[in-house]
>>> print(open('target16.pdb').read())   # PDB, C-alpha atoms and all ligand atoms
ATOM      1  CA  MET A 179       0.000   0.000   0.000  1.00  0.00           C
ATOM      2  CA  LYS A 180       1.534   3.315  -1.101  1.00  0.00           C
ATOM      3  CA  ILE A 181       0.823   6.017   1.457  1.00  0.00           C
ATOM      4  CA  ALA A 182       1.739   9.671   0.885  1.00  0.00           C
ATOM      5  CA  VAL A 183       1.715  12.545   3.339  1.00  0.00           C
ATOM      6  CA  TYR A 184       0.739  16.020   2.112  1.00  0.00           C
ATOM      7  CA  PRO A 185       1.955  18.421   4.812  1.00  0.00           C
ATOM      8  CA  GLY A 186       1.203  22.114   5.099  1.00  0.00           C
ATOM      9  CA  SER A 187      -0.293  24.887   7.180  1.00  0.00           C
ATOM     10  CA  PHE A 188      -3.642  24.836   5.346  1.00  0.00           C
ATOM     11  CA  ASP A 189      -4.532  28.161   6.972  1.00  0.00           C
ATOM     12  CA  PRO A 190      -7.107  27.797   5.490  1.00  0.00           C
ATOM     13  CA  ILE A 191      -7.408  25.074   2.843  1.00  0.00           C
ATOM     14  CA  THR A 192      -7.791  26.573  -0.655  1.00  0.00           C
ATOM     15  CA  ASN A 193      -8.891  25.300  -4.054  1.00  0.00           C
ATOM     16  CA  GLY A 194      -5.174  25.029  -4.931  1.00  0.00           C
ATOM     17  CA  HIS A 195      -4.575  22.570  -2.060  1.00  0.00           C
ATOM     18  CA  ILE A 196      -7.672  20.584  -3.078  1.00  0.00           C
ATOM     19  CA  ASP A 197      -6.427  20.387  -6.671  1.00  0.00           C
ATOM     20  CA  ILE A 198      -3.136  18.855  -5.424  1.00  0.00           C
ATOM     21  CA  VAL A 199      -4.905  16.348  -3.132  1.00  0.00           C
ATOM     22  CA  LYS A 200      -7.148  15.156  -5.974  1.00  0.00           C
ATOM     23  CA  ARG A 201      -4.181  14.646  -8.312  1.00  0.00           C
ATOM     24  CA  ALA A 202      -2.199  12.755  -5.665  1.00  0.00           C
ATOM     25  CA  ALA A 203      -5.205  10.636  -4.656  1.00  0.00           C
ATOM     26  CA  LYS A 204      -5.334   9.203  -8.186  1.00  0.00           C
ATOM     27  CA  ILE A 205      -1.777   7.902  -7.881  1.00  0.00           C
ATOM     28  CA  PHE A 206      -1.400   6.822  -4.230  1.00  0.00           C
ATOM     29  CA  ASP A 207      -3.506   4.315  -2.300  1.00  0.00           C
ATOM     30  CA  ARG A 208      -3.852   6.670   0.619  1.00  0.00           C
ATOM     31  CA  ILE A 209      -3.185  10.386   1.140  1.00  0.00           C
ATOM     32  CA  ILE A 210      -2.737  11.786   4.618  1.00  0.00           C
ATOM     33  CA  VAL A 211      -3.274  15.535   4.614  1.00  0.00           C
ATOM     34  CA  ALA A 212      -1.097  16.554   7.552  1.00  0.00           C
ATOM     35  CA  VAL A 213      -1.939  19.940   9.044  1.00  0.00           C
ATOM     36  CA  ALA A 214       1.089  21.426  10.814  1.00  0.00           C
ATOM     37  CA  ARG A 215       0.499  23.134  14.154  1.00  0.00           C
ATOM     38  CA  ARG A 216       3.014  25.991  13.457  1.00  0.00           C
ATOM     39  CA  GLU A 217       1.949  28.186  16.396  1.00  0.00           C
ATOM     40  CA  GLN A 218       5.035  30.374  15.820  1.00  0.00           C
ATOM     41  CA  THR A 219       3.625  31.588  12.502  1.00  0.00           C
ATOM     42  CA  LYS A 220       0.465  32.786  14.295  1.00  0.00           C
ATOM     43  CA  PRO A 221      -2.080  31.075  12.039  1.00  0.00           C
ATOM     44  CA  LEU A 222      -5.503  32.704  11.600  1.00  0.00           C
ATOM     45  CA  PHE A 223      -7.280  29.403  12.296  1.00  0.00           C
ATOM     46  CA  THR A 224      -6.360  27.097  15.182  1.00  0.00           C
ATOM     47  CA  LEU A 225      -5.018  23.655  14.366  1.00  0.00           C
ATOM     48  CA  GLU A 226      -8.400  22.136  15.263  1.00  0.00           C
ATOM     49  CA  GLU A 227     -10.228  24.597  12.990  1.00  0.00           C
ATOM     50  CA  ARG A 228      -7.830  23.957  10.087  1.00  0.00           C
ATOM     51  CA  VAL A 229      -8.217  20.176  10.456  1.00  0.00           C
ATOM     52  CA  ALA A 230     -12.026  20.483  10.669  1.00  0.00           C
ATOM     53  CA  LEU A 231     -12.195  22.670   7.542  1.00  0.00           C
ATOM     54  CA  ALA A 232      -9.941  20.363   5.537  1.00  0.00           C
ATOM     55  CA  ASN A 233     -11.965  17.369   6.731  1.00  0.00           C
ATOM     56  CA  GLU A 234     -15.230  18.962   5.720  1.00  0.00           C
ATOM     57  CA  VAL A 235     -13.894  19.708   2.258  1.00  0.00           C
ATOM     58  CA  LEU A 236     -11.976  16.484   1.605  1.00  0.00           C
ATOM     59  CA  GLY A 237     -14.038  14.027   3.653  1.00  0.00           C
ATOM     60  CA  ARG A 238     -15.827  12.665   0.611  1.00  0.00           C
ATOM     61  CA  LEU A 239     -12.619  11.448  -1.038  1.00  0.00           C
ATOM     62  CA  GLU A 240     -12.435   7.886   0.190  1.00  0.00           C
ATOM     63  CA  ASN A 241      -8.652   7.437   0.213  1.00  0.00           C
ATOM     64  CA  VAL A 242      -7.917  10.773   1.904  1.00  0.00           C
ATOM     65  CA  GLU A 243      -7.635  11.411   5.631  1.00  0.00           C
ATOM     66  CA  VAL A 244      -6.874  14.660   7.443  1.00  0.00           C
ATOM     67  CA  THR A 245      -4.924  14.886  10.669  1.00  0.00           C
ATOM     68  CA  GLY A 246      -2.948  17.462  12.643  1.00  0.00           C
ATOM     69  CA  PHE A 247       0.686  17.035  13.653  1.00  0.00           C
ATOM     70  CA  SER A 248       3.192  18.949  15.705  1.00  0.00           C
ATOM     71  CA  ASN A 249       6.293  16.770  15.590  1.00  0.00           C
ATOM     72  CA  LEU A 250       9.075  16.623  13.013  1.00  0.00           C
ATOM     73  CA  LEU A 251       7.588  15.917   9.568  1.00  0.00           C
ATOM     74  CA  ILE A 252       9.963  13.015   8.836  1.00  0.00           C
ATOM     75  CA  ASP A 253       9.030  11.365  12.151  1.00  0.00           C
ATOM     76  CA  PHE A 254       5.332  11.807  11.345  1.00  0.00           C
ATOM     77  CA  VAL A 255       5.832  10.309   7.855  1.00  0.00           C
ATOM     78  CA  ARG A 256       7.681   7.299   9.305  1.00  0.00           C
ATOM     79  CA  ALA A 257       5.058   6.774  12.025  1.00  0.00           C
ATOM     80  CA  LYS A 258       2.352   6.679   9.347  1.00  0.00           C
ATOM     81  CA  LYS A 259       4.405   4.150   7.339  1.00  0.00           C
ATOM     82  CA  ALA A 260       4.309   6.503   4.365  1.00  0.00           C
ATOM     83  CA  CYS A 261       6.932   6.445   1.613  1.00  0.00           C
ATOM     84  CA  THR A 262       6.382   9.857   0.047  1.00  0.00           C
ATOM     85  CA  ILE A 263       5.900  13.506   0.882  1.00  0.00           C
ATOM     86  CA  ILE A 264       3.621  15.420  -1.490  1.00  0.00           C
ATOM     87  CA  ARG A 265       4.086  19.129  -2.080  1.00  0.00           C
ATOM     88  CA  GLY A 266       2.444  21.499  -4.500  1.00  0.00           C
ATOM     89  CA  ILE A 267       4.561  23.719  -6.682  1.00  0.00           C
ATOM     90  CA  ARG A 268       3.279  26.938  -8.135  1.00  0.00           C
ATOM     91  CA  ALA A 269       5.320  29.760  -9.650  1.00  0.00           C
ATOM     92  CA  VAL A 270       9.144  29.887  -9.537  1.00  0.00           C
ATOM     93  CA  VAL A 271       9.077  31.582  -6.117  1.00  0.00           C
ATOM     94  CA  ASP A 272       8.218  28.207  -4.553  1.00  0.00           C
ATOM     95  CA  PHE A 273      11.322  26.445  -5.871  1.00  0.00           C
ATOM     96  CA  ASP A 274      14.029  27.701  -3.537  1.00  0.00           C
ATOM     97  CA  TYR A 275      12.165  26.928  -0.320  1.00  0.00           C
ATOM     98  CA  GLU A 276      10.812  23.605  -1.587  1.00  0.00           C
ATOM     99  CA  PHE A 277      14.262  22.426  -2.770  1.00  0.00           C
ATOM    100  CA  GLN A 278      15.733  23.320   0.606  1.00  0.00           C
ATOM    101  CA  MET A 279      13.041  21.191   2.256  1.00  0.00           C
ATOM    102  CA  VAL A 280      13.667  18.239  -0.067  1.00  0.00           C
ATOM    103  CA  VAL A 281      17.425  18.281   0.501  1.00  0.00           C
ATOM    104  CA  THR A 282      16.976  18.563   4.270  1.00  0.00           C
ATOM    105  CA  ASN A 283      14.327  15.867   4.540  1.00  0.00           C
ATOM    106  CA  ARG A 284      16.424  13.576   2.331  1.00  0.00           C
ATOM    107  CA  LYS A 285      19.344  14.012   4.726  1.00  0.00           C
ATOM    108  CA  LEU A 286      17.075  13.100   7.645  1.00  0.00           C
ATOM    109  CA  ASP A 287      15.715   9.997   5.874  1.00  0.00           C
ATOM    110  CA  PRO A 288      16.923   9.135   2.359  1.00  0.00           C
ATOM    111  CA  ARG A 289      14.228   6.463   1.968  1.00  0.00           C
ATOM    112  CA  ILE A 290      11.452   9.039   1.860  1.00  0.00           C
ATOM    113  CA  GLU A 291      10.925  10.747  -1.494  1.00  0.00           C
ATOM    114  CA  THR A 292       9.255  14.096  -2.106  1.00  0.00           C
ATOM    115  CA  ILE A 293       7.002  14.382  -5.138  1.00  0.00           C
ATOM    116  CA  PHE A 294       5.718  17.683  -6.502  1.00  0.00           C
ATOM    117  CA  PHE A 295       2.414  18.205  -8.220  1.00  0.00           C
ATOM    118  CA  MET A 296       1.524  21.245 -10.296  1.00  0.00           C
ATOM    119  CA  PRO A 297      -2.003  22.542  -9.896  1.00  0.00           C
ATOM    120  CA  SER A 298      -4.310  23.633 -12.664  1.00  0.00           C
ATOM    121  CA  ALA A 299      -3.031  26.945 -14.133  1.00  0.00           C
ATOM    122  CA  GLN A 300      -5.847  28.941 -12.495  1.00  0.00           C
ATOM    123  CA  TYR A 301      -4.271  28.176  -9.081  1.00  0.00           C
ATOM    124  CA  PHE A 302      -0.647  29.066  -9.939  1.00  0.00           C
ATOM    125  CA  TYR A 303      -0.807  32.327  -8.024  1.00  0.00           C
ATOM    126  CA  LEU A 304      -3.262  31.329  -5.322  1.00  0.00           C
ATOM    127  CA  SER A 305      -2.047  31.218  -1.742  1.00  0.00           C
ATOM    128  CA  ALA A 306      -3.791  31.001   1.620  1.00  0.00           C
ATOM    129  CA  SER A 307      -2.078  34.268   2.648  1.00  0.00           C
ATOM    130  CA  LEU A 308      -3.546  36.110  -0.321  1.00  0.00           C
ATOM    131  CA  VAL A 309      -7.005  34.717   0.445  1.00  0.00           C
ATOM    132  CA  LYS A 310      -6.709  35.931   4.064  1.00  0.00           C
ATOM    133  CA  GLU A 311      -5.597  39.394   2.938  1.00  0.00           C
ATOM    134  CA  ILE A 312      -8.552  39.725   0.566  1.00  0.00           C
ATOM    135  CA  ALA A 313     -11.025  38.382   3.153  1.00  0.00           C
ATOM    136  CA  ALA A 314      -9.669  40.695   5.863  1.00  0.00           C
ATOM    137  CA  LEU A 315     -10.426  43.667   3.604  1.00  0.00           C
ATOM    138  CA  GLY A 316     -13.934  42.412   2.812  1.00  0.00           C
ATOM    139  CA  GLY A 317     -13.206  41.127  -0.706  1.00  0.00           C
ATOM    140  CA  ARG A 318     -14.916  38.135  -2.309  1.00  0.00           C
ATOM    141  CA  VAL A 319     -12.922  34.923  -1.982  1.00  0.00           C
ATOM    142  CA  SER A 320     -15.516  32.441  -3.218  1.00  0.00           C
ATOM    143  CA  CYS A 321     -13.528  31.669  -6.377  1.00  0.00           C
ATOM    144  CA  PHE A 322     -10.469  30.714  -4.320  1.00  0.00           C
ATOM    145  CA  VAL A 323     -11.850  28.612  -1.450  1.00  0.00           C
ATOM    146  CA  PRO A 324     -14.833  26.284  -0.846  1.00  0.00           C
ATOM    147  CA  SER A 325     -18.036  27.819   0.570  1.00  0.00           C
ATOM    148  CA  THR A 326     -17.462  26.471   4.093  1.00  0.00           C
ATOM    149  CA  VAL A 327     -14.102  28.272   4.169  1.00  0.00           C
ATOM    150  CA  VAL A 328     -15.762  31.468   2.888  1.00  0.00           C
ATOM    151  CA  ARG A 329     -18.226  31.270   5.803  1.00  0.00           C
ATOM    152  CA  ASN A 330     -15.480  30.669   8.344  1.00  0.00           C
ATOM    153  CA  LEU A 331     -13.358  33.517   6.999  1.00  0.00           C
ATOM    154  CA  LYS A 332     -16.407  35.779   7.303  1.00  0.00           C
ATOM    155  CA  LYS A 333     -16.791  34.719  10.932  1.00  0.00           C
ATOM    156  CA  LYS A 334     -13.136  35.590  11.625  1.00  0.00           C
ATOM    157  CA  PHE A 335     -13.427  38.978   9.961  1.00  0.00           C
ATOM    158  CA  THR A 336     -17.051  39.797  10.824  1.00  0.00           C
ATOM    159  CA  ASN A 337     -16.462  43.486  11.330  1.00  0.00           C
ATOM    160  CA  CYS A 338     -15.128  43.830   7.770  1.00  0.00           C
ATOM    161  CA  TYR A 339     -18.297  42.574   6.093  1.00  0.00           C
TER     162      TYR A 339
HETATM  163  P1  LIG B 401       3.366  25.577   4.063  1.00  0.00           P
HETATM  164  O1  LIG B 401       3.338  26.585   5.149  1.00  0.00           O
HETATM  165  O2  LIG B 401       3.939  24.257   4.473  1.00  0.00           O
HETATM  166  O3  LIG B 401       3.944  26.062   2.755  1.00  0.00           O
HETATM  167  P2  LIG B 401       0.765  25.759   2.795  1.00  0.00           P
HETATM  168  O4  LIG B 401      -0.545  25.368   3.362  1.00  0.00           O
HETATM  169  O5  LIG B 401       0.973  27.175   2.406  1.00  0.00           O
HETATM  170  O6  LIG B 401       1.829  25.248   3.846  1.00  0.00           O
HETATM  171  O7  LIG B 401       1.084  24.882   1.518  1.00  0.00           O
HETATM  172  C1  LIG B 401       1.145  23.479   1.592  1.00  0.00           C
HETATM  173  C2  LIG B 401       1.609  22.949   0.253  1.00  0.00           C
HETATM  174  O8  LIG B 401       0.625  23.243  -0.730  1.00  0.00           O
HETATM  175  C3  LIG B 401       2.908  23.571  -0.270  1.00  0.00           C
HETATM  176  O9  LIG B 401       3.628  22.573  -0.976  1.00  0.00           O
HETATM  177  C4  LIG B 401       2.450  24.643  -1.213  1.00  0.00           C
HETATM  178  O10 LIG B 401       3.417  24.897  -2.222  1.00  0.00           O
HETATM  179  C5  LIG B 401       1.219  23.964  -1.789  1.00  0.00           C
HETATM  180  N1  LIG B 401       0.257  24.952  -2.289  1.00  0.00           N
HETATM  181  C6  LIG B 401      -0.272  26.004  -1.650  1.00  0.00           C
HETATM  182  N2  LIG B 401      -1.113  26.679  -2.448  1.00  0.00           N
HETATM  183  C7  LIG B 401      -1.104  26.018  -3.628  1.00  0.00           C
HETATM  184  C8  LIG B 401      -1.725  26.254  -4.898  1.00  0.00           C
HETATM  185  N3  LIG B 401      -2.495  27.293  -5.127  1.00  0.00           N
HETATM  186  N4  LIG B 401      -1.473  25.367  -5.875  1.00  0.00           N
HETATM  187  C9  LIG B 401      -0.647  24.333  -5.663  1.00  0.00           C
HETATM  188  N5  LIG B 401      -0.005  24.071  -4.524  1.00  0.00           N
HETATM  189  C10 LIG B 401      -0.226  24.915  -3.518  1.00  0.00           C
END
>>> encode(input="target16.pdb", output="C-alpha cells", more="lines below")
Ligand code: ADP
Amino acid sequence: MKIAVYPGSFDPITNGHIDIVKRAAKIFDRIIVAVARREQTKPLFTLEERVALANEVLGRLENVEVTGFSNLLIDFVRAKKACTIIRGIRAVVDFDYEFQMVVTNRKLDPRIETIFFMPSAQYFYLSASLVKEIAALGGRVSCFVPSTVVRNLKKKFTNCY
C-alpha cells in the first residue's frame, strides 16, 4: 500500500490545495493531509479549525484522511508508514524553499521521497495568505476557497463585512 503525506499549514485550505490532493489521490492508495500546528507563525485558524475545515472539504474522497501534527515531519511520515511527501509547486518563487526542504528531509531519511504536483493553471498564483488578505479587507474569496471556508473567513473577519 503506497501512502503519501501532504503536509502544510492549510490556513485555510484553498482550491489550490484541493487540486493537489485530488491529483495525488489518483496515484497513491492513501493520502494523509497533515496539518502542521506551526503556532510560531500565528495562524488565523487554530489547528483544530484547520483540520475540521480540511476534513469537511476532503471528507468525501475515500482514500484521503486529514490529521494534525506537531512533531518533526519526517518522524510523522515514518510513524504513518508513508513512503512519500507530497508538495504542491506553483510559480518559480516556490522552488528555492521547496528544494531546501527536499534536501533537508532527504538528509534526515533518504528512503522518503518528495514528489511535486503542479495545480491547474488557475491556481498558480493562489495562496492562503492572499485569500486571508482579501477576506480581511472584505473582498470576495468564493472563487479561491470552498463555501465552508468562505463562511469561516467571514466569521473571523465579521467586522469587515
Ligand atoms: P506551508 O506553510 O507548508 O507552505 P501551505 O498550506 O501554504 O503550507 O502549503 C502546503 C503545500 O501546498 C505547499 O507545498 C504549497 O506549495 C502547496 N500549495 C499552496 N497553495 C497552492 C496552490 N495554489 N497550488 C498548488 N499548490 C499549492
>>> resolve_selection(input="target16.pdb", expression="the PyMOL selection byres (((chain A and resi 245-248) around 12) and not hetatm)", output="number ranges by chain")
A: 183-188, 209-218, 224-233, 236-237, 242-244, 249-255, 257-258
>>> write_last_selection(input="target16.pdb", atoms="C-alpha atoms", output="mmCIF file, in the frame of the given file")
data_model
loop_
_atom_site.group_PDB
_atom_site.id
_atom_site.type_symbol
_atom_site.label_atom_id
_atom_site.label_comp_id
_atom_site.auth_asym_id
_atom_site.auth_seq_id
_atom_site.Cartn_x
_atom_site.Cartn_y
_atom_site.Cartn_z
ATOM 1 C CA VAL A 183 1.715 12.545 3.339
ATOM 2 C CA TYR A 184 0.739 16.020 2.112
ATOM 3 C CA PRO A 185 1.955 18.421 4.812
ATOM 4 C CA GLY A 186 1.203 22.114 5.099
ATOM 5 C CA SER A 187 -0.293 24.887 7.180
ATOM 6 C CA PHE A 188 -3.642 24.836 5.346
ATOM 7 C CA ILE A 209 -3.185 10.386 1.140
ATOM 8 C CA ILE A 210 -2.737 11.786 4.618
ATOM 9 C CA VAL A 211 -3.274 15.535 4.614
ATOM 10 C CA ALA A 212 -1.097 16.554 7.552
ATOM 11 C CA VAL A 213 -1.939 19.940 9.044
ATOM 12 C CA ALA A 214 1.089 21.426 10.814
ATOM 13 C CA ARG A 215 0.499 23.134 14.154
ATOM 14 C CA ARG A 216 3.014 25.991 13.457
ATOM 15 C CA GLU A 217 1.949 28.186 16.396
ATOM 16 C CA GLN A 218 5.035 30.374 15.820
ATOM 17 C CA THR A 224 -6.360 27.097 15.182
ATOM 18 C CA LEU A 225 -5.018 23.655 14.366
ATOM 19 C CA GLU A 226 -8.400 22.136 15.263
ATOM 20 C CA GLU A 227 -10.228 24.597 12.990
ATOM 21 C CA ARG A 228 -7.830 23.957 10.087
ATOM 22 C CA VAL A 229 -8.217 20.176 10.456
ATOM 23 C CA ALA A 230 -12.026 20.483 10.669
ATOM 24 C CA LEU A 231 -12.195 22.670 7.542
ATOM 25 C CA ALA A 232 -9.941 20.363 5.537
ATOM 26 C CA ASN A 233 -11.965 17.369 6.731
ATOM 27 C CA LEU A 236 -11.976 16.484 1.605
ATOM 28 C CA GLY A 237 -14.038 14.027 3.653
ATOM 29 C CA VAL A 242 -7.917 10.773 1.904
ATOM 30 C CA GLU A 243 -7.635 11.411 5.631
ATOM 31 C CA VAL A 244 -6.874 14.660 7.443
ATOM 32 C CA ASN A 249 6.293 16.770 15.590
ATOM 33 C CA LEU A 250 9.075 16.623 13.013
ATOM 34 C CA LEU A 251 7.588 15.917 9.568
ATOM 35 C CA ILE A 252 9.963 13.015 8.836
ATOM 36 C CA ASP A 253 9.030 11.365 12.151
ATOM 37 C CA PHE A 254 5.332 11.807 11.345
ATOM 38 C CA VAL A 255 5.832 10.309 7.855
ATOM 39 C CA ALA A 257 5.058 6.774 12.025
ATOM 40 C CA LYS A 258 2.352 6.679 9.347
#
>>> axis_aligned_box(input="target16.pdb", around="ligand LIG 401 (chain B)", padding_each_side="3 Å", output="AutoDock Vina command-line options")
--center_x 0.7 --center_y 24.9 --center_z -0.4 --size_x 12.4 --size_y 10.7 --size_z 17.0
>>> resolve_selection(input="target16.pdb", expression="the PyMOL selection byres (((chain A and resi 288-294) around 10) and not hetatm)", output="JSON, numbers by chain")
{"A": [182, 183, 184, 198, 202, 252, 255, 256, 260, 261, 262, 263, 264, 265, 266, 267, 268, 276, 277, 279, 280, 281, 282, 283, 284, 285, 286, 287, 295, 296, 297]}
>>> atom_distance(input="target16.pdb", atom1="atom CA of A:Ala313", atom2="atom CA of A:Asn330")
10.3 Å
>>> resolve_selection(input="target16.pdb", expression="the PyMOL selection byres (((chain A and resi 206) around 9) and not hetatm)", output="JSON, numbers by chain")
{"A": [179, 180, 181, 182, 202, 203, 204, 205, 207, 208, 209, 241]}
>>> atom_distance(input="target16.pdb", atom1="atom CA of A:Gly194", atom2="atom C6 of ligand LIG 401 (chain B)")
6.0 Å
